[in-house]
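The structure appears below as structure tokens.
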Amino acid sequence: MKRTVRGRFAPSPSGRLHLGNICSSLLAWLDVRHLGGELIFRLEDLDPDRSYMDCAQLMADDLRWLGLDWDAGWPEDKRFAQGSRGGLYGAAFSVLEEKGLIYRCWCSRAERLAASAPHPGEEHPGSCACRGLEGLELARRECGKRPPAYKCAVPDEDVTIIDGHLGEYAQNLAKDGGDFIVRRSDGVWAYQLAVSVDDMLMGVTRVVRAADLLESAPRQSWLIRTLGGRAPEYAHAPLLTAPDGRKLSKRDGDLNMAELRRRYTPEELTGRLAYLCGLIDRVEPVAARDLAGSFDWAKVPAGPIDISGVF
Ligand code: GLU
């Protein structure tokens, strides 16, 4: 059956959108509008300690200011905020539990960040010793003060995705990604579970986001299929780098939308990004809607893009 083309914006409201987020959002919007599809806005406010509602509102305003619109979602429809979707994540968790894929984990290392999308190097692939705990050792943990997190056990299986921009990407789920946290010990649902459940239930067919999440795509695709859904197509957008080669990020407070909106009009900002992405051949003002018709991933560089000379 042919499915409606549906993409998504899925920002986490942990800070103001920066240039890199805006670049991926522009490409996500162009990818879907070029195909005549729909977009949704999903607020990824899983982590109560790193979600600020004033940032969430500004994110929506910033995208609209740029002319990047959506057809359904937050803030008009609160059901598109992950913070309100715990019941759905719980139902998916039960399905995984019935399949024998959930185990309790008492390691603390990766837990703090599990509600956020991982940055490369933050995860610790490999099997966790808690997976095989039994007998006295298990009883000792159960009696301890520390509540467990919950992990999903992945099979020793190769999964290949065909990235719409980068081509074939293969990963062995167990060796390259490893078991992953689905619920933190404080009850907060983790990113990998929530994003997969939502992409599945919201009928997302195109996931366009920054390339630092490429490594998460095989396990998300596997998880959706394990839950009985159909995995979306993925296309990972190039990262923007500062002149010293460092990736731009919210955490480093790089060029964010407060500053960008002071410096440029929406068309000036879009023109600069479109130039960096190879969509136009000189820096000039352009509206996002005027780029949709001729959008083509083949024009967009595959590797990181240095912003120097343009920003
Ligand atoms: N919420 C994530 C972020 O802002 C993006 C997750 C995704 O696109 O899968 O980094």
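By order in the structure tokens, chains are A, B, ...; within a chain, residues start at 1; ligands start at 1, following the order shown.
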
Range 156-171 of chain A environment, 7 Å, only C-alpha atoms, sequence neighbours closer than 2 positions dropped, as a PyMOL selection string | chain A and resi 154+173-174+176+218+234-236+297+302

Expected answer as a ChimeraX atom specification: residues within 6 Å of ligand 1, only C-alpha atoms and all ligand atoms | /A:10-12,44,117,209

Writing out the chosen residues with C-alpha atoms as a PDB file, in the first residue's frame:
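Contents of again35.pdb, as written:
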ATOM      1  CA  ALA A  10      11.669  16.613  16.198  1.00  0.00           C
ATOM      2  CA  PRO A  11      13.567  19.172  18.256  1.00  0.00           C
ATOM      3  CA  SER A  12      14.484  18.752  21.910  1.00  0.00           C
ATOM      4  CA  GLU A  44      11.022  15.780  22.141  1.00  0.00           C
ATOM      5  CA  ALA A 117      19.606  11.734  21.144  1.00  0.00           C
ATOM      6  CA  ARG A 209      18.069  14.776  10.622  1.00  0.00           C
TER       7      ARG A 209
END

Within 6 Å of Ala149 in chain A, counting only C-alpha atoms, which residues qualify if same-chain residues fewer than 6 places away don't, as a PyMOL selection string?
-> chain A and resi 104-105+183-185

Excluding Met200 in chain A and any residue of its chain fewer than 3 positions from it, enumerate the residues within 7 Å of it, using only C-alpha atoms, and give them as a PyMOL selection string.
-> chain A and resi 196-197+203-204+224+229-230

Could you dump the residues just selected with C-alpha atoms as a PDB file, in the first residue's frame?
ATOM      1  CA  SER A 196      10.937   4.770  17.281  1.00  0.00           C
ATOM      2  CA  VAL A 197       7.446   4.422  18.749  1.00  0.00           C
ATOM      3  CA  GLY A 203       3.127   7.409  10.254  1.00  0.00           C
ATOM      4  CA  VAL A 204       6.469   9.070   9.542  1.00  0.00           C
ATOM      5  CA  ILE A 224      10.057  -0.436  14.703  1.00  0.00           C
ATOM      6  CA  GLY A 229       5.603  -1.426  12.276  1.00  0.00           C
ATOM      7  CA  ARG A 230       7.124  -0.337   9.006  1.00  0.00           C
TER       8      ARG A 230
END

Tell me which protein, DNA and RNA residues are within 12 Å of Lys78 in chain A, counting only C-alpha atoms, leaving out same-chain ones fewer than 4 positions away, and put them as a VMD selection string.
-> chain A and resid 41 to 45 72 to 74 82 to 85

Neighbour list for Ala210 in chain A as a list in words, cut-off 9 Å, only C-alpha atoms, skip fewer than 5 positions in-chain |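 Selected residues are Gly20, Asn21, Cys23, Ser24, Ser25, Ala235, His236, Ala237, Pro238 and Leu239 of chain A.
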
Go through A:Arg79, A:Arg131, A:Arg206, A:Lys145 and flag the residue nearest Thr4 in chain A, using only C-alpha atoms for the distances.
->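 Closest candidate: A:Arg206.
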
Contacts of Ala258 in chain A at 10 Å (only C-alpha atoms; same-chain gap of 4+ positions) as a PyMOL selection string = chain A and resi 16-18+58+62+262-263

For the selection just defined, write its residues with N, CA and C atoms to a file, as a short mmCIF file (atom, residue, chain, number, x, y, z; two decimals), in the first residue's frame.
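After the write, selection-v9.cif holds the following:
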data_model
loop_
_atom_site.label_atom_id
_atom_site.label_comp_id
_atom_site.auth_asym_id
_atom_site.auth_seq_id
_atom_site.Cartn_x
_atom_site.Cartn_y
_atom_site.Cartn_z
N ARG A 16 18.12 27.14 22.53
CA ARG A 16 17.64 27.76 21.28
C ARG A 16 18.20 26.99 20.08
N LEU A 17 17.46 26.89 19.00
CA LEU A 17 17.97 26.22 17.79
C LEU A 17 19.22 26.95 17.31
N HIS A 18 20.23 26.19 16.87
CA HIS A 18 21.43 26.83 16.33
C HIS A 18 21.50 26.57 14.83
N LEU A 58 10.00 29.03 21.33
CA LEU A 58 10.90 29.77 20.43
C LEU A 58 11.30 28.92 19.22
N ASP A 62 10.85 30.09 15.52
CA ASP A 62 12.01 30.23 14.63
C ASP A 62 11.78 29.50 13.30
N ARG A 262 18.87 38.48 14.41
CA ARG A 262 19.31 39.88 14.46
C ARG A 262 20.08 40.25 13.19
N ARG A 263 20.86 39.26 12.70
CA ARG A 263 21.76 39.57 11.57
C ARG A 263 21.10 39.51 10.20
#

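Of the listed residues (A:Gly90, A:Ala194, A:Leu133, A:Thr205), A:Thr205 comes nearest to Lys2 in chain A; the distances count only C-alpha atoms.
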
Backbone-only DSSP, strand (DSSP E or B) members of range 76-186 of chain A, as number ranges by chain | A: 81, 102-105, 149-152, 158-163, 167-172, 180-183

What would the file look like if the residues just selected were written as a CSV table (one decimal), in the first residue's frame with N, CA, C and O atoms?
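What landed in again_10.csv:
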chain,number,residue,atom,x,y,z
A,81,ALA,N,3.7,16.1,22.0
A,81,ALA,CA,4.8,16.3,22.9
A,81,ALA,C,5.1,15.0,23.6
A,81,ALA,O,4.2,14.3,24.1
A,102,ILE,N,13.5,-7.4,27.2
A,102,ILE,CA,13.8,-6.4,28.3
A,102,ILE,C,14.6,-7.0,29.5
A,102,ILE,O,14.2,-8.1,29.9
A,103,TYR,N,15.6,-6.4,29.9
A,103,TYR,CA,16.2,-6.8,31.2
A,103,TYR,C,16.6,-5.5,32.0
A,103,TYR,O,16.6,-4.4,31.5
A,104,ARG,N,16.8,-5.8,33.3
A,104,ARG,CA,17.1,-4.7,34.2
A,104,ARG,C,18.6,-4.5,34.2
A,104,ARG,O,19.4,-5.4,34.2
A,105,CYS,N,19.0,-3.2,34.4
A,105,CYS,CA,20.4,-2.9,34.3
A,105,CYS,C,20.7,-2.0,35.4
A,105,CYS,O,20.1,-0.9,35.6
A,149,ALA,N,17.7,0.6,35.7
A,149,ALA,CA,17.2,1.1,34.4
A,149,ALA,C,16.7,-0.2,33.6
A,149,ALA,O,17.0,-1.3,34.0
A,150,TYR,N,16.0,0.0,32.5
A,150,TYR,CA,15.6,-1.1,31.7
A,150,TYR,C,16.3,-1.0,30.3
A,150,TYR,O,16.3,0.1,29.7
A,151,LYS,N,16.8,-2.1,29.9
A,151,LYS,CA,17.5,-2.2,28.6
A,151,LYS,C,16.8,-3.1,27.6
A,151,LYS,O,16.2,-4.1,28.0
A,152,CYS,N,17.0,-2.8,26.3
A,152,CYS,CA,16.5,-3.7,25.3
A,152,CYS,C,17.7,-4.5,24.8
A,152,CYS,O,18.7,-4.0,24.4
A,158,ASP,N,23.1,-8.3,11.5
A,158,ASP,CA,23.5,-7.2,10.7
A,158,ASP,C,22.2,-6.5,10.1
A,158,ASP,O,21.4,-7.2,9.5
A,159,VAL,N,22.1,-5.2,10.2
A,159,VAL,CA,21.0,-4.4,9.7
A,159,VAL,C,21.6,-3.4,8.7
A,159,VAL,O,22.5,-2.7,9.1
A,160,THR,N,21.0,-3.4,7.5
A,160,THR,CA,21.5,-2.4,6.5
A,160,THR,C,20.4,-1.4,6.2
A,160,THR,O,19.2,-1.9,6.0
A,161,ILE,N,20.7,-0.1,6.3
A,161,ILE,CA,19.6,0.8,5.9
A,161,ILE,C,20.2,1.5,4.6
A,161,ILE,O,21.4,1.6,4.4
A,162,ILE,N,19.3,1.9,3.8
A,162,ILE,CA,19.7,2.7,2.6
A,162,ILE,C,19.4,4.1,2.9
A,162,ILE,O,18.2,4.6,2.8
A,163,ASP,N,20.4,4.9,3.2
A,163,ASP,CA,20.2,6.3,3.6
A,163,ASP,C,19.9,7.1,2.3
A,163,ASP,O,20.7,7.0,1.3
A,167,GLY,N,23.6,6.8,1.2
A,167,GLY,CA,23.6,5.4,0.6
A,167,GLY,C,23.6,4.3,1.7
A,167,GLY,O,23.0,4.5,2.8
A,168,GLU,N,24.2,3.2,1.3
A,168,GLU,CA,24.1,2.0,2.2
A,168,GLU,C,24.8,2.2,3.5
A,168,GLU,O,26.0,2.6,3.5
A,169,TYR,N,24.2,1.9,4.6
A,169,TYR,CA,24.9,1.9,5.9
A,169,TYR,C,24.5,0.7,6.7
A,169,TYR,O,23.4,0.4,7.0
A,170,ALA,N,25.6,-0.1,7.0
A,170,ALA,CA,25.3,-1.4,7.7
A,170,ALA,C,25.9,-1.4,9.1
A,170,ALA,O,26.9,-0.7,9.4
A,171,GLN,N,25.3,-2.1,9.9
A,171,GLN,CA,25.7,-2.1,11.3
A,171,GLN,C,25.3,-3.5,11.9
A,171,GLN,O,24.3,-4.0,11.6
A,172,ASN,N,26.2,-4.0,12.7
A,172,ASN,CA,25.8,-5.2,13.5
A,172,ASN,C,25.2,-4.7,14.8
A,172,ASN,O,25.9,-4.0,15.6
A,180,PHE,N,20.5,-1.2,24.4
A,180,PHE,CA,20.3,0.2,24.7
A,180,PHE,C,19.2,0.4,25.8
A,180,PHE,O,18.3,-0.4,25.9
A,181,ILE,N,19.3,1.5,26.5
A,181,ILE,CA,18.4,1.8,27.6
A,181,ILE,C,17.1,2.3,27.0
A,181,ILE,O,17.0,3.1,26.0
A,182,VAL,N,16.0,1.7,27.5
A,182,VAL,CA,14.6,2.1,27.0
A,182,VAL,C,13.9,2.9,28.1
A,182,VAL,O,13.0,3.7,27.8
A,183,ARG,N,14.3,2.7,29.4
A,183,ARG,CA,13.7,3.5,30.4
A,183,ARG,C,14.8,3.7,31.5
A,183,ARG,O,15.4,2.7,31.9

Min atom-atom distance to Ala231 in chain A from the set A:Asp198, A:Glu98, A:Asp69, A:Glu268, counting only C-alpha atoms, belongs to A:Asp198

From the DSSP assignment of the backbone, select every residue of range 111-248 of chain A that is helix (DSSP H, G or I), and format the answer as a VMD selection string.
-> chain A and resid 129 to 132 135 to 143 173 to 177 191 to 201 211 to 226

Of the candidates A:Phe9, A:Phe311, A:Trp70, A:Tyr89, which shows the shortest atom-to-atom distance to Trp189 in chain A, using only C-alpha atoms?
-> A:Tyr89
